[in-house]
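Q: Structure provided below as structure tokens; questions to follow.
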Amino acid sequence: MAGGVAKRVEFEDMLPAMAEKLGGEGLIRELCNGFELLMDRDRGVITLESLRRNSAVLGLQDLADDELASMLREGDVDGDGVLSQMEFCVLMFRLSPELMEQSRAWFEEIVEEEFRRGRKQSSS
């Protein structure tokens, strides 16, 4: 916070475009690659220090430590102060409302297709 004005991080949601281009498996692979860029190599998780060190990769080099710590807390499901690969991927999906809606639609399509297959097999 500088001069009494709160800094706002603008987040452009690129995940839906990535999902469209790469498909589900490709998107997960890219999220895993992103995790590996940000993680602490020795511990295999994203720590405050590794996030601080690698934040320029995300264009977040100007964020203060408390803002980076807030990002970690947002995704830290188990409360251990770091992000595992799964926590990171879940956080990326949570930060993308459009992708969450797309995922729901994909899931419904898959369930519907499986239901149709099951009905075809039982009527044969």
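We label chains A, B, ... in the order they appear in the structure tokens, count residues from 1 in each chain, and number ligands from 1 in the order shown.
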Env of Asp65 (chain A): 8 Å cut, atoms = only C-alpha atoms, seq-sep filter 4 positions within chain, self excluded. Answer as a PyMOL selection string.

A: chain A and resi 48+52+69

Q: Let me see the file: selected residues, N, CA and C atoms, as a PDB file, in the first residue's frame.

A:
ATOM      1  N   LEU A  48       6.907 -19.305   0.179  1.00  0.00           N
ATOM      2  CA  LEU A  48       6.932 -17.843   0.037  1.00  0.00           C
ATOM      3  C   LEU A  48       8.230 -17.416  -0.633  1.00  0.00           C
ATOM      4  N   ARG A  52       8.523 -15.603  -4.165  1.00  0.00           N
ATOM      5  CA  ARG A  52       9.202 -14.293  -4.233  1.00  0.00           C
ATOM      6  C   ARG A  52      10.302 -14.327  -5.305  1.00  0.00           C
ATOM      7  N   ALA A  69       2.275 -13.667   0.308  1.00  0.00           N
ATOM      8  CA  ALA A  69       1.842 -14.571   1.376  1.00  0.00           C
ATOM      9  C   ALA A  69       0.328 -14.782   1.306  1.00  0.00           C
TER      10      ALA A  69
END

Q: What's the separation between CA of Glu87 (chain A) and CA of Glu112 (chain A), in Å to one decimal place?

A: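 Computed distance, CA of Glu87 (chain A) to CA of Glu112 (chain A), equals 28.8 Å.
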
Q: Between CA of Glu114 (chain A) and CA of Glu30 (chain A), measure the distance and give it in Å to one decimal.

A: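 Taking CA of Glu114 (chain A) as the start and CA of Glu30 (chain A) as the end point, the length is 27.5 Å.
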
Q: Find the residues near Gly44 (chain A): any atom within 12 Å, counting only C-alpha atoms, skip ones fewer than 6 places away on the same chain, and give them as a PyMOL selection string.

A: chain A and resi 32+35-38+50+82-86

Q: Residues near Leu72 (chain A), anyone? I mean within 10 Å using only C-alpha atoms, not counting same-chain ones fewer than 4 positions away, as a PyMOL selection string.

A: chain A and resi 46-48+51+66-68+76-77+79+81-83+87-88+91

Q: Which parts of region 25-97 of chain A does DSSP call strand (DSSP E or B) when run on the backbone here, written out as a list in words?

A: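 Output for region 25-97 of chain A, strand (DSSP E or B) only: Asp40, Val45, Ile46 and Leu83 of chain A.
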
Q: To one decimal place in Å, what is the distance between CA of Arg29 (chain A) and CA of Ala17 (chain A)?

A: 14.7 Å

Q: Could you pull out the helix (DSSP H, G or I) residues of region 4-98 of chain A, going by DSSP on the backbone, and write them as a VMD selection string?

A: chain A and resid 15 to 38 48 to 58 65 to 75 85 to 94 97 to 98

Q: May I have the residues from that selection written out with C-alpha atoms, as a tab-separated table (two decimals), in the first residue's frame?

A:
chain	number	residue	atom	x	y	z
A	15	LEU	CA	-6.85	-20.52	-18.74
A	16	PRO	CA	-10.02	-20.86	-20.87
A	17	ALA	CA	-8.09	-19.97	-24.03
A	18	MET	CA	-5.34	-22.41	-23.04
A	19	ALA	CA	-7.91	-25.14	-22.37
A	20	GLU	CA	-9.53	-24.54	-25.74
A	21	LYS	CA	-6.19	-24.74	-27.53
A	22	LEU	CA	-4.51	-27.53	-25.53
A	23	GLY	CA	-7.44	-29.66	-24.39
A	24	GLY	CA	-7.85	-30.96	-20.85
A	25	GLU	CA	-4.67	-33.03	-20.65
A	26	GLY	CA	-2.58	-30.31	-22.27
A	27	LEU	CA	-3.88	-27.71	-19.82
A	28	ILE	CA	-3.05	-29.90	-16.83
A	29	ARG	CA	0.44	-30.49	-18.27
A	30	GLU	CA	0.93	-26.71	-18.61
A	31	LEU	CA	-0.29	-26.11	-15.05
A	32	CYS	CA	2.22	-28.70	-13.85
A	33	ASN	CA	4.95	-26.91	-15.81
A	34	GLY	CA	3.91	-23.63	-14.19
A	35	PHE	CA	4.08	-25.25	-10.78
A	36	GLU	CA	7.59	-26.50	-11.48
A	37	LEU	CA	8.71	-23.00	-12.47
A	38	LEU	CA	7.53	-21.60	-9.14
A	48	LEU	CA	6.93	-17.84	0.04
A	49	GLU	CA	10.63	-17.68	-0.80
A	50	SER	CA	10.28	-19.59	-4.09
A	51	LEU	CA	7.26	-17.47	-5.05
A	52	ARG	CA	9.20	-14.29	-4.23
A	53	ARG	CA	12.21	-15.53	-6.21
A	54	ASN	CA	10.15	-16.56	-9.26
A	55	SER	CA	7.31	-14.01	-9.18
A	56	ALA	CA	8.66	-12.20	-12.26
A	57	VAL	CA	7.67	-15.28	-14.29
A	58	LEU	CA	4.06	-14.34	-13.47
A	65	ASP	CA	5.73	-10.07	0.68
A	66	ASP	CA	2.34	-9.74	2.41
A	67	GLU	CA	0.61	-9.89	-0.98
A	68	LEU	CA	2.60	-12.97	-2.01
A	69	ALA	CA	1.84	-14.57	1.38
A	70	SER	CA	-1.85	-13.84	0.81
A	71	MET	CA	-1.67	-15.69	-2.52
A	72	LEU	CA	-0.15	-18.70	-0.75
A	73	ARG	CA	-2.82	-18.64	1.97
A	74	GLU	CA	-5.55	-18.50	-0.70
A	75	GLY	CA	-4.51	-21.87	-2.10
A	85	GLN	CA	1.10	-29.27	-6.96
A	86	MET	CA	-2.55	-30.22	-6.39
A	87	GLU	CA	-3.23	-27.08	-4.33
A	88	PHE	CA	-1.65	-24.95	-7.06
A	89	CYS	CA	-3.77	-26.52	-9.82
A	90	VAL	CA	-6.97	-26.20	-7.78
A	91	LEU	CA	-6.13	-22.55	-7.08
A	92	MET	CA	-5.61	-21.84	-10.77
A	93	PHE	CA	-9.01	-23.35	-11.55
A	94	ARG	CA	-10.68	-21.42	-8.71
A	97	PRO	CA	-14.62	-18.72	-13.17
A	98	GLU	CA	-14.99	-19.23	-16.93
